[in-house]
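Enquirer: Structure file input_21.csv (CSV, C-alpha atoms) right here:
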chain,number,residue,atom,x,y,z
B,18,MET,CA,0.0,0.0,0.0
B,19,ALA,CA,1.3,3.5,-0.9
B,20,SER,CA,2.6,5.6,1.9
B,21,THR,CA,0.6,8.7,3.0
B,22,LEU,CA,1.4,12.1,4.3
B,23,HIS,CA,0.4,10.9,7.7
B,24,ASP,CA,3.0,8.0,7.5
B,25,VAL,CA,5.7,10.5,6.7
B,26,ALA,CA,4.8,12.8,9.5
B,27,LYS,CA,4.7,9.9,12.0
B,28,LEU,CA,8.1,8.6,11.0
B,29,ALA,CA,9.7,12.1,11.0
B,30,GLY,CA,8.0,13.1,14.3
B,31,VAL,CA,6.5,16.2,12.9
B,32,SER,CA,3.0,17.4,12.0
B,33,ILE,CA,1.3,16.7,8.6
B,34,LYS,CA,1.4,20.5,8.0
B,35,THR,CA,5.2,20.5,8.4
B,36,VAL,CA,5.6,17.6,5.9
B,37,SER,CA,3.4,19.5,3.5
B,38,ASN,CA,5.5,22.6,3.9
B,39,VAL,CA,8.7,20.7,3.2
B,40,ILE,CA,7.3,19.0,0.1
B,41,ASN,CA,6.1,22.3,-1.2
B,42,ASP,CA,9.5,23.9,-0.6
B,43,TYR,CA,8.2,26.4,2.0
B,44,PRO,CA,11.3,28.5,2.8
B,45,HIS,CA,10.9,29.0,6.6
B,46,ILE,CA,11.7,25.4,7.7
B,47,ARG,CA,14.6,24.6,10.1
B,48,PRO,CA,17.3,22.6,8.3
B,49,ALA,CA,17.2,19.8,10.8
B,50,THR,CA,13.4,19.5,10.4
B,51,ARG,CA,13.7,19.5,6.6
B,52,ALA,CA,16.4,16.8,6.8
B,53,ARG,CA,14.2,14.6,9.0
B,54,VAL,CA,11.2,14.9,6.7
B,55,GLU,CA,13.2,14.3,3.5
B,56,ALA,CA,14.8,11.2,5.1
B,57,ALA,CA,11.3,9.9,6.0
B,58,VAL,CA,10.1,10.6,2.4
B,59,ALA,CA,13.0,8.7,1.0
B,60,GLU,CA,12.7,5.8,3.4
B,61,LEU,CA,8.9,5.3,2.7
B,62,GLY,CA,9.2,6.1,-1.0
B,63,TYR,CA,6.4,8.6,-0.6
B,64,THR,CA,5.2,10.3,-3.8
B,65,PRO,CA,3.1,13.5,-3.5
B,66,ASN,CA,-0.3,13.6,-5.1
B,67,LEU,CA,0.6,15.9,-8.0
B,68,THR,CA,-3.0,16.2,-9.2
B,69,ALA,CA,-4.2,17.4,-5.8
B,70,ARG,CA,-1.3,19.8,-5.6
B,71,SER,CA,-2.1,21.2,-9.0
B,72,LEU,CA,-5.8,21.8,-8.1
B,73,ARG,CA,-4.7,23.7,-5.0
B,74,SER,CA,-2.0,25.8,-6.6
B,75,GLY,CA,-3.3,26.3,-10.1
B,76,ARG,CA,-0.1,24.9,-11.4
B,77,THR,CA,0.8,21.6,-13.1
B,78,GLY,CA,4.3,21.2,-12.0
B,79,ALA,CA,5.4,20.7,-15.6
B,80,ILE,CA,7.1,22.9,-18.2
B,81,ALA,CA,7.5,22.5,-21.9
B,82,LEU,CA,10.7,22.6,-23.9
B,83,ALA,CA,10.4,23.0,-27.7
B,84,VAL,CA,13.6,22.4,-29.8
B,85,PRO,CA,14.0,21.9,-33.6
B,86,ASP,CA,15.6,18.5,-33.8
B,87,LEU,CA,16.7,16.1,-31.1
B,88,GLY,CA,18.7,14.3,-33.8
B,89,LEU,CA,21.2,17.2,-33.6
B,90,SER,CA,23.5,16.6,-30.7
B,91,TYR,CA,23.5,20.2,-29.5
B,92,PHE,CA,19.7,20.1,-28.9
B,93,ALA,CA,19.8,16.6,-27.4
B,94,GLU,CA,22.4,17.8,-24.9
B,95,LEU,CA,20.6,21.0,-24.3
B,96,ALA,CA,17.4,19.1,-23.6
B,97,ALA,CA,19.2,16.8,-21.1
B,98,SER,CA,20.5,19.8,-19.3
B,99,VAL,CA,17.1,21.4,-19.1
B,100,ILE,CA,15.5,18.2,-17.8
B,101,GLU,CA,18.2,17.9,-15.1
B,102,ALA,CA,17.8,21.5,-14.0
B,103,ALA,CA,14.0,21.2,-13.9
B,104,GLU,CA,14.2,17.9,-11.9
B,105,GLU,CA,16.4,19.6,-9.3
B,106,ALA,CA,13.6,22.2,-9.0
B,107,GLY,CA,10.9,19.5,-8.7
B,108,VAL,CA,9.5,20.2,-12.1
B,109,VAL,CA,9.0,17.8,-15.0
B,110,VAL,CA,9.6,18.6,-18.7
B,111,LEU,CA,7.5,17.8,-21.7
B,112,VAL,CA,9.7,17.9,-24.8
B,113,GLU,CA,8.3,19.0,-28.2
B,114,GLN,CA,10.2,18.7,-31.5
B,115,THR,CA,9.3,21.2,-34.2
B,116,GLY,CA,11.6,20.1,-37.0
B,117,GLY,CA,12.6,23.8,-37.3
B,118,ASP,CA,9.5,24.3,-39.4
B,119,ARG,CA,8.0,27.8,-39.1
B,120,ASP,CA,4.4,26.7,-39.3
B,121,ARG,CA,4.9,24.0,-36.7
B,122,GLU,CA,6.6,26.5,-34.4
B,123,ILE,CA,3.8,29.0,-34.7
B,124,GLU,CA,1.2,26.3,-34.2
B,125,LEU,CA,3.0,25.1,-31.1
B,126,LEU,CA,2.9,28.6,-29.5
B,127,ARG,CA,-1.0,28.4,-29.5
B,128,SER,CA,-1.3,24.6,-29.0
B,129,PRO,CA,-3.8,23.5,-26.4
B,130,ARG,CA,-1.2,20.9,-25.2
B,131,LEU,CA,0.6,23.8,-23.4
B,132,LYS,CA,-2.4,23.9,-21.0
B,133,MET,CA,-0.8,20.8,-19.4
B,134,THR,CA,2.2,22.9,-18.5
B,135,ASP,CA,3.0,26.1,-16.6
B,136,GLY,CA,5.3,27.7,-19.2
B,137,LEU,CA,7.5,27.1,-22.2
B,138,ILE,CA,11.2,27.2,-23.1
B,139,PHE,CA,11.2,27.8,-26.8
B,140,SER,CA,14.1,27.4,-29.3
B,141,PRO,CA,12.8,28.5,-32.7
B,142,LEU,CA,14.6,27.9,-36.0
B,143,GLY,CA,12.0,28.5,-38.7
B,144,MET,CA,10.6,31.6,-37.2
B,145,GLY,CA,12.4,34.9,-37.7
B,146,GLN,CA,12.4,38.5,-36.6
B,147,GLU,CA,9.3,39.2,-38.6
B,148,ASP,CA,7.4,36.9,-36.2
B,149,VAL,CA,8.4,38.7,-33.0
B,150,GLU,CA,4.7,39.7,-32.2
B,151,ARG,CA,3.8,36.0,-32.2
B,152,LEU,CA,5.7,35.7,-28.9
B,153,GLU,CA,3.0,37.7,-27.2
B,154,VAL,CA,1.4,34.6,-25.4
B,155,PRO,CA,-0.7,34.3,-22.3
B,156,TYR,CA,1.7,32.1,-20.4
B,157,PRO,CA,5.3,32.4,-19.2
B,158,LEU,CA,7.8,32.0,-22.0
B,159,VAL,CA,11.6,32.0,-22.3
B,160,VAL,CA,13.1,32.1,-25.8
B,161,LEU,CA,16.4,30.5,-26.8
B,162,GLY,CA,18.6,30.9,-29.9
B,163,GLU,CA,19.4,33.6,-32.4
B,164,ARG,CA,16.3,33.9,-34.6
B,165,ILE,CA,14.3,36.5,-32.7
B,166,PHE,CA,15.6,39.4,-30.7
B,167,ASP,CA,14.0,42.3,-28.7
B,168,GLY,CA,10.8,40.3,-28.2
B,169,PRO,CA,8.2,40.4,-25.4
B,170,ALA,CA,9.7,37.4,-23.6
B,171,ASP,CA,12.9,36.7,-21.7
B,172,HIS,CA,15.7,35.6,-24.1
B,173,VAL,CA,18.6,33.4,-23.0
B,174,THR,CA,21.3,33.0,-25.7
B,175,MET,CA,25.0,32.9,-26.4
B,176,GLN,CA,27.5,35.4,-27.7
B,177,ASN,CA,27.8,34.1,-31.3
B,178,VAL,CA,29.7,37.0,-32.8
B,179,GLU,CA,32.2,37.4,-30.0
B,180,ALA,CA,32.7,33.6,-29.7
B,181,ALA,CA,33.2,33.1,-33.5
B,182,ARG,CA,35.6,36.1,-33.5
B,183,ALA,CA,37.6,34.4,-30.7
B,184,ALA,CA,37.7,31.1,-32.5
B,185,THR,CA,39.0,32.7,-35.7
B,186,GLN,CA,41.6,34.7,-33.7
B,187,LEU,CA,42.9,31.4,-32.2
B,188,LEU,CA,43.5,30.0,-35.7
B,189,LEU,CA,45.1,33.3,-36.9
B,190,GLU,CA,47.4,33.4,-33.9
B,191,SER,CA,48.5,29.8,-34.6
B,192,GLY,CA,49.7,31.0,-38.0
B,193,ARG,CA,46.8,30.0,-40.2
B,194,ARG,CA,45.7,32.5,-42.9
B,195,ARG,CA,43.4,30.7,-45.2
B,196,ILE,CA,40.5,29.8,-42.9
B,197,ALA,CA,37.6,28.0,-44.6
B,198,VAL,CA,34.1,28.3,-43.1
B,199,ILE,CA,31.8,25.3,-43.2
B,200,GLY,CA,28.0,25.8,-42.7
B,201,ALA,CA,27.2,29.4,-43.8
B,202,HIS,CA,23.7,30.2,-44.9
B,203,GLU,CA,23.1,32.2,-48.0
B,204,GLY,CA,22.0,35.7,-47.2
B,205,GLU,CA,21.5,35.1,-43.5
B,206,VAL,CA,22.2,38.0,-41.1
B,207,ILE,CA,20.3,37.2,-38.0
B,208,GLY,CA,20.7,33.5,-37.0
B,209,SER,CA,23.5,31.4,-35.7
B,210,ALA,CA,25.2,31.1,-39.1
B,211,GLY,CA,25.0,34.8,-40.0
B,212,LEU,CA,26.2,35.9,-36.6
B,213,ARG,CA,29.1,33.5,-36.5
B,214,LEU,CA,30.1,34.4,-40.0
B,215,ARG,CA,30.1,38.1,-38.9
B,216,GLY,CA,32.5,37.2,-36.0
B,217,TYR,CA,34.8,35.4,-38.4
B,218,ARG,CA,34.9,38.4,-40.7
B,219,GLU,CA,35.6,40.8,-37.9
B,220,ALA,CA,38.6,38.7,-36.8
B,221,LEU,CA,39.9,38.6,-40.3
B,222,ASP,CA,39.5,42.4,-40.6
B,223,ALA,CA,41.3,43.0,-37.3
B,224,ALA,CA,44.2,40.9,-38.5
B,225,GLY,CA,44.4,42.5,-41.9
B,226,VAL,CA,43.5,39.2,-43.7
B,227,PRO,CA,41.3,39.6,-46.7
B,228,PHE,CA,37.9,37.9,-46.8
B,229,ASP,CA,37.7,35.3,-49.6
B,230,GLU,CA,34.2,34.1,-50.7
B,231,SER,CA,35.8,31.1,-52.4
B,232,ILE,CA,36.6,29.3,-49.1
B,233,ILE,CA,33.1,29.8,-47.6
B,234,GLY,CA,31.1,26.5,-47.7
B,235,TYR,CA,27.3,27.0,-47.7
B,236,THR,CA,24.7,24.4,-46.6
B,237,THR,CA,21.3,24.2,-44.9
B,238,LEU,CA,21.1,21.8,-42.1
B,239,TRP,CA,24.1,21.4,-39.8
B,240,HIS,CA,24.6,17.7,-40.0
B,241,ARG,CA,27.9,15.7,-40.3
B,242,SER,CA,27.1,14.7,-43.9
B,243,ASN,CA,26.7,18.4,-44.9
B,244,GLY,CA,30.0,19.2,-43.3
B,245,ALA,CA,31.7,16.5,-45.2
B,246,ARG,CA,30.0,17.5,-48.4
B,247,CYS,CA,31.0,21.2,-48.1
B,248,LEU,CA,34.6,20.2,-47.4
B,249,HIS,CA,34.7,17.9,-50.5
B,250,GLU,CA,33.3,20.7,-52.6
B,251,LEU,CA,36.1,23.0,-51.5
B,252,LEU,CA,38.6,20.3,-52.3
B,253,ASP,CA,37.0,19.6,-55.7
B,254,ARG,CA,37.3,23.4,-56.6
B,255,GLY,CA,41.0,23.3,-55.8
B,256,VAL,CA,40.9,26.2,-53.4
B,257,ASP,CA,43.8,26.6,-50.9
B,258,PHE,CA,43.1,26.6,-47.2
B,259,ASP,CA,45.1,25.7,-44.1
B,260,ALA,CA,42.3,25.8,-41.5
B,261,VAL,CA,38.5,25.0,-41.2
B,262,PHE,CA,36.0,26.7,-38.9
B,263,GLY,CA,32.9,24.5,-38.7
B,264,LEU,CA,30.0,26.7,-37.5
B,265,ASN,CA,29.0,23.9,-35.2
B,266,ASP,CA,30.7,20.7,-34.0
B,267,THR,CA,28.8,18.3,-36.2
B,268,LEU,CA,29.9,20.2,-39.3
B,269,ALA,CA,33.4,20.3,-38.1
B,270,LEU,CA,33.5,16.6,-37.4
B,271,GLY,CA,32.1,15.8,-40.9
B,272,ALA,CA,34.7,18.1,-42.4
B,273,MET,CA,37.5,16.5,-40.4
B,274,ARG,CA,36.5,13.1,-41.7
B,275,ALA,CA,36.6,14.4,-45.3
B,276,LEU,CA,40.0,15.9,-44.7
B,277,GLN,CA,41.3,12.6,-43.4
B,278,GLU,CA,39.8,10.7,-46.4
B,279,SER,CA,41.6,13.1,-48.7
B,280,GLY,CA,45.0,12.5,-47.1
B,281,ARG,CA,45.2,15.8,-45.3
B,282,ARG,CA,46.5,15.6,-41.7
B,283,VAL,CA,44.7,17.3,-38.9
B,284,PRO,CA,46.2,19.6,-37.6
B,285,GLU,CA,49.5,19.4,-39.4
B,286,ASP,CA,48.1,20.3,-42.8
B,287,VAL,CA,44.7,21.8,-41.8
B,288,ALA,CA,43.6,22.9,-38.4
B,289,VAL,CA,39.9,22.4,-37.5
B,290,ILE,CA,37.8,24.2,-34.9
B,291,GLY,CA,34.1,23.8,-34.1
B,292,PHE,CA,31.4,25.4,-32.1
B,293,ASP,CA,29.2,23.9,-29.3
B,294,ASP,CA,31.6,21.7,-27.3
B,295,LEU,CA,29.6,18.5,-27.7
B,296,ASP,CA,30.6,15.7,-25.5
B,297,GLU,CA,31.9,13.6,-28.4
B,298,ALA,CA,34.3,16.4,-29.4
B,299,ARG,CA,36.6,15.2,-26.5
B,300,TYR,CA,36.8,11.7,-27.9
B,301,THR,CA,37.4,12.1,-31.7
B,302,ILE,CA,40.9,11.4,-33.1
B,303,PRO,CA,42.2,14.1,-33.0
B,304,SER,CA,40.1,15.6,-30.3
B,305,LEU,CA,38.2,18.7,-31.6
B,306,THR,CA,39.1,22.2,-30.5
B,307,THR,CA,35.8,24.0,-30.1
B,308,VAL,CA,33.9,26.9,-28.6
B,309,ASP,CA,32.0,26.1,-25.4
B,310,PRO,CA,29.1,28.6,-25.7
B,311,GLY,CA,27.9,28.1,-22.2
B,312,ARG,CA,25.2,25.5,-23.0
B,313,GLU,CA,24.9,24.3,-19.4
B,314,TRP,CA,24.5,27.8,-18.1
B,315,ILE,CA,21.9,28.6,-20.9
B,316,ALA,CA,19.8,25.5,-19.8
B,317,ARG,CA,19.9,26.3,-16.1
B,318,THR,CA,19.3,30.0,-16.6
B,319,ALA,CA,16.3,29.3,-18.9
B,320,VAL,CA,14.7,27.0,-16.3
B,321,ARG,CA,15.4,29.4,-13.4
B,322,THR,CA,14.1,32.4,-15.4
B,323,LEU,CA,10.9,30.5,-16.5
B,324,LEU,CA,10.2,29.3,-12.9
B,325,GLN,CA,10.6,32.9,-11.6
B,326,ARG,CA,8.0,34.1,-14.1
B,327,ILE,CA,5.7,31.2,-13.2
B,328,GLU,CA,6.0,32.0,-9.5
B,329,GLY,CA,5.3,35.6,-10.3
B,330,ALA,CA,8.5,36.9,-8.7
B,331,ASP,CA,9.3,39.0,-11.8
B,332,GLU,CA,5.7,39.4,-13.1
B,333,ALA,CA,6.0,43.2,-13.5
B,334,GLY,CA,9.5,43.3,-14.8
B,335,PRO,CA,10.5,43.9,-18.5
B,336,PRO,CA,11.8,41.1,-20.7
B,337,ARG,CA,15.5,40.3,-20.2
B,338,LEU,CA,18.3,39.4,-22.5
B,339,LEU,CA,20.6,37.0,-20.7
B,340,LEU,CA,23.9,36.2,-22.4
B,341,ALA,CA,26.1,33.2,-21.6
B,342,ASP,CA,29.9,33.5,-21.3
B,343,PHE,CA,31.9,31.4,-23.6
B,344,THR,CA,35.3,29.7,-23.5
B,345,ILE,CA,37.4,27.9,-26.1
B,346,ALA,CA,38.3,24.2,-25.4
B,347,GLU,CA,41.7,23.9,-26.9
B,348,ARG,CA,42.4,20.3,-28.0
B,349,GLU,CA,44.4,18.5,-30.7
B,350,SER,CA,42.7,19.5,-33.9
B,351,ALA,CA,43.9,23.1,-33.9
B,352,ARG,CA,47.3,22.9,-32.3
B,353,PRO,CA,49.9,25.3,-33.8
B,354,ARG,CA,52.2,24.0,-36.5
B,355,PRO,CA,55.7,23.1,-35.1
B,356,ALA,CA,58.1,25.9,-35.4
Kindly present the structure from the file in structure tokens form.
Expert:
Amino acid sequence: MASTLHDVAKLAGVSIKTVSNVINDYPHIRPATRARVEAAVAELGYTPNLTARSLRSGRTGAIALAVPDLGLSYFAELAASVIEAAEEAGVVVLVEQTGGDRDREIELLRSPRLKMTDGLIFSPLGMGQEDVERLEVPYPLVVLGERIFDGPADHVTMQNVEAARAATQLLLESGRRRIAVIGAHEGEVIGSAGLRLRGYREALDAAGVPFDESIIGYTTLWHRSNGARCLHELLDRGVDFDAVFGLNDTLALGAMRALQESGRRVPEDVAVIGFDDLDEARYTIPSLTTVDPGREWIARTAVRTLLQRIEGADEAGPPRLLLADFTIAERESARPRPA
């Protein structure tokens, strides 16, 4: 038979009200009392009645996360980090996958399924700046990514331009001058590809290195196969380059495979750097130098910010733009050439 609130209270030697306050994270509980109640909950395997709690509080205890594609490692790792942060806060996460399709993203924002949650963390890919007014929704919302800025919701994102500039500077400082880019999007200005390409160009300008359109590889989706294809196209055109900047890690890994297939050594002949610091980047041969854009911080900040809005702590405050710090994980693929 399932344990009850009364059972927990009896084992912990406290009142039922005290047990309820601990379970509902009431702040004014003595640490020793909280510890006894939590120990009793664990010993008895007590599970709160979430339905009853929802009826009392008007909240579901769940949030939604919408990402373009869980087949892309970045979004899979982001989702895992969001789920972990939410679990620590006692909240469950319902994950939606939009495919990066604009119509599906717009439909999701007004989906009745969101009534089963208290708020949404939303990473659009198909929507753009022209859709900013669609973010006016009647529930707490936190936006991720680089597609829409200056909207009516809190926005947690990374420093794409600055991080890409730093990645390019690292290659320049190692003596590379012909730095190919893999993963650019034709005509894009706002968006991950456009912003990272801007940072790349700023670093070239600062170093007095001319921009060369012939070593820019364009594609659509950022998959390994597209990274390999872009690199093969550069090789087929016979253009000269001594480094590759993949605008995300999966593109860089595909490009690195294509380089190795062509007989180019990494990093001796061609240095390679990526962006995202995926877990697998540590274990490739050679290991991939990459930008860590602060994904873990982004996930935790998005959860914390959304829960603050749900609790009403910042109900009257204006939307916030929250930017993650970045670092560069220097590994084998972009080591300087021996002197």
Enquirer: List as a short mmCIF file (atom, residue, chain, number, x, y, z; two decimals) with C-alpha atoms, keeping the file's coordinate frame the protein and nucleic acid residues near Tyr63 in chain B, meaning an atom at most 9 Å away when all atoms listed in the file are counted, but skip any in the same chain fewer than 6 places from it.
Expert:
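part00.cif, freshly written:
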data_model
loop_
_atom_site.label_atom_id
_atom_site.label_comp_id
_atom_site.auth_asym_id
_atom_site.auth_seq_id
_atom_site.Cartn_x
_atom_site.Cartn_y
_atom_site.Cartn_z
CA ALA B 19 1.30 3.50 -0.90
CA SER B 20 2.60 5.60 1.90
CA THR B 21 0.60 8.70 3.00
CA LEU B 22 1.40 12.10 4.30
CA ASP B 24 3.00 8.00 7.50
CA VAL B 25 5.70 10.50 6.70
CA ALA B 57 11.30 9.90 6.00
#
Enquirer: Excluding same-chain residues fewer than 5 positions from range 194-205 of chain B, what lies within 7 Å of it counting only C-alpha atoms, as a PyMOL selection string?
Expert: chain B and resi 189+210-211+214+232-237+239+244+247+258-264+268
Enquirer: Can you write out the residues you just picked, keeping C-alpha atoms, as a compact mmCIF listing (two decimals), keeping the file's coordinate frame?
Expert:
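Result saved to result.txt:
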# COMPACT_ATOMS: atom_id res chain seq x y z
CA LEU B 189 45.10 33.30 -36.90
CA ALA B 210 25.20 31.10 -39.10
CA GLY B 211 25.00 34.80 -40.00
CA LEU B 214 30.10 34.40 -40.00
CA ILE B 232 36.60 29.30 -49.10
CA ILE B 233 33.10 29.80 -47.60
CA GLY B 234 31.10 26.50 -47.70
CA TYR B 235 27.30 27.00 -47.70
CA THR B 236 24.70 24.40 -46.60
CA THR B 237 21.30 24.20 -44.90
CA TRP B 239 24.10 21.40 -39.80
CA GLY B 244 30.00 19.20 -43.30
CA CYS B 247 31.00 21.20 -48.10
CA PHE B 258 43.10 26.60 -47.20
CA ASP B 259 45.10 25.70 -44.10
CA ALA B 260 42.30 25.80 -41.50
CA VAL B 261 38.50 25.00 -41.20
CA PHE B 262 36.00 26.70 -38.90
CA GLY B 263 32.90 24.50 -38.70
CA LEU B 264 30.00 26.70 -37.50
CA LEU B 268 29.90 20.20 -39.30
Enquirer: Nearest to Thr322 in chain B among B:Asp171, B:Asp253, B:Asp222, B:Asp309, with distances taken over all atoms listed in the file: which residue is it?
Expert: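 Selected residue with least distance to Thr322 in chain B: B:Asp171.
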Enquirer: One number please: CA of Glu179 in chain B to CA of Ala223 in chain B, in Å, one decimal.
Expert: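 Taking CA of Glu179 in chain B and CA of Ala223 in chain B, their separation equals 12.9 Å.
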Enquirer: Let me make sure I understand: among B:Pro310, B:Gly208, B:Gly78, B:Pro169, which one has the smallest atom-to-atom distance to Thr134 in chain B if we use only C-alpha atoms?
Expert: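 Result for the nearest residue to Thr134 in chain B: B:Gly78.
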Enquirer: Restricting the calculation to all atoms listed in the file: of B:Lys27, B:His172, B:Arg164, B:Arg119, which residue gets closest to Ile315 in chain B?
Expert: B:His172
Enquirer: What separation in Å, quoted to one decimal, exists between CA of Glu313 in chain B and CA of Pro284 in chain B?
Expert: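 Atom-to-atom, CA of Glu313 in chain B and CA of Pro284 in chain B are spaced 28.4 Å apart.
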Enquirer: With distances taken over only C-alpha atoms, which of B:Leu89, B:Ala245, B:Val159, B:Leu187 is nearest to Thr174 in chain B?
Expert: B:Val159
Enquirer: Do you know which residues lie at most 12 Å from (14.0, 14.9, 10.1), with coordinates as in the file and only C-alpha atoms counted, and could you write them as a PDB file with C-alpha atoms, in the frame of the given file?
Expert:
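This is the output file part.pdb:
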ATOM      1  CA  VAL B  25       5.700  10.500   6.700  1.00  0.00           C
ATOM      2  CA  ALA B  26       4.800  12.800   9.500  1.00  0.00           C
ATOM      3  CA  LYS B  27       4.700   9.900  12.000  1.00  0.00           C
ATOM      4  CA  LEU B  28       8.100   8.600  11.000  1.00  0.00           C
ATOM      5  CA  ALA B  29       9.700  12.100  11.000  1.00  0.00           C
ATOM      6  CA  GLY B  30       8.000  13.100  14.300  1.00  0.00           C
ATOM      7  CA  VAL B  31       6.500  16.200  12.900  1.00  0.00           C
ATOM      8  CA  SER B  32       3.000  17.400  12.000  1.00  0.00           C
ATOM      9  CA  THR B  35       5.200  20.500   8.400  1.00  0.00           C
ATOM     10  CA  VAL B  36       5.600  17.600   5.900  1.00  0.00           C
ATOM     11  CA  VAL B  39       8.700  20.700   3.200  1.00  0.00           C
ATOM     12  CA  ILE B  46      11.700  25.400   7.700  1.00  0.00           C
ATOM     13  CA  ARG B  47      14.600  24.600  10.100  1.00  0.00           C
ATOM     14  CA  PRO B  48      17.300  22.600   8.300  1.00  0.00           C
ATOM     15  CA  ALA B  49      17.200  19.800  10.800  1.00  0.00           C
ATOM     16  CA  THR B  50      13.400  19.500  10.400  1.00  0.00           C
ATOM     17  CA  ARG B  51      13.700  19.500   6.600  1.00  0.00           C
ATOM     18  CA  ALA B  52      16.400  16.800   6.800  1.00  0.00           C
ATOM     19  CA  ARG B  53      14.200  14.600   9.000  1.00  0.00           C
ATOM     20  CA  VAL B  54      11.200  14.900   6.700  1.00  0.00           C
ATOM     21  CA  GLU B  55      13.200  14.300   3.500  1.00  0.00           C
ATOM     22  CA  ALA B  56      14.800  11.200   5.100  1.00  0.00           C
ATOM     23  CA  ALA B  57      11.300   9.900   6.000  1.00  0.00           C
ATOM     24  CA  VAL B  58      10.100  10.600   2.400  1.00  0.00           C
ATOM     25  CA  ALA B  59      13.000   8.700   1.000  1.00  0.00           C
ATOM     26  CA  GLU B  60      12.700   5.800   3.400  1.00  0.00           C
TER      27      GLU B  60
END
Enquirer: To one decimal in Å, tell me the separation between CA of Arg130 in chain B and CA of Leu338 in chain B.
Expert: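 For CA of Arg130 in chain B relative to CA of Leu338 in chain B, the distance reads 27.0 Å.
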Enquirer: Show me, as number ranges by chain, the residues that have an atom within 7 Å of range 93-110 of chain B when counting all atoms listed in the file, minus same-chain residues fewer than 3 positions from it.
Expert: B: 78-82, 87-90, 312-313, 316-317, 320
Enquirer: Find, counting all atoms listed in the file, the residue in B:Thr267, B:Arg254, B:Phe292, B:Ala170 that gets nearest to Gly334 in chain B.
Expert: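 Of B:Thr267, B:Arg254, B:Phe292, B:Ala170, the one nearest Gly334 in chain B, counting all atoms listed in the file, is B:Ala170.
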Enquirer: If you count only C-alpha atoms, which residues fall within 9 Å of Ile123 in chain B, apart from same-chain ones fewer than 3 positions away, as a list in words?
Expert: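 That gives Asp118, Arg119, Asp120, Leu126, Arg127, Ser128, Met144, Asp148 and Arg151 of chain B.
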Enquirer: Measuring atom to atom with all atoms listed in the file, identify which of B:Glu328, B:Asp86, B:Glu347, B:Asp293 is nearest to Gly136 in chain B.
Expert: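 For Gly136 in chain B, the nearest of the candidates is B:Glu328.
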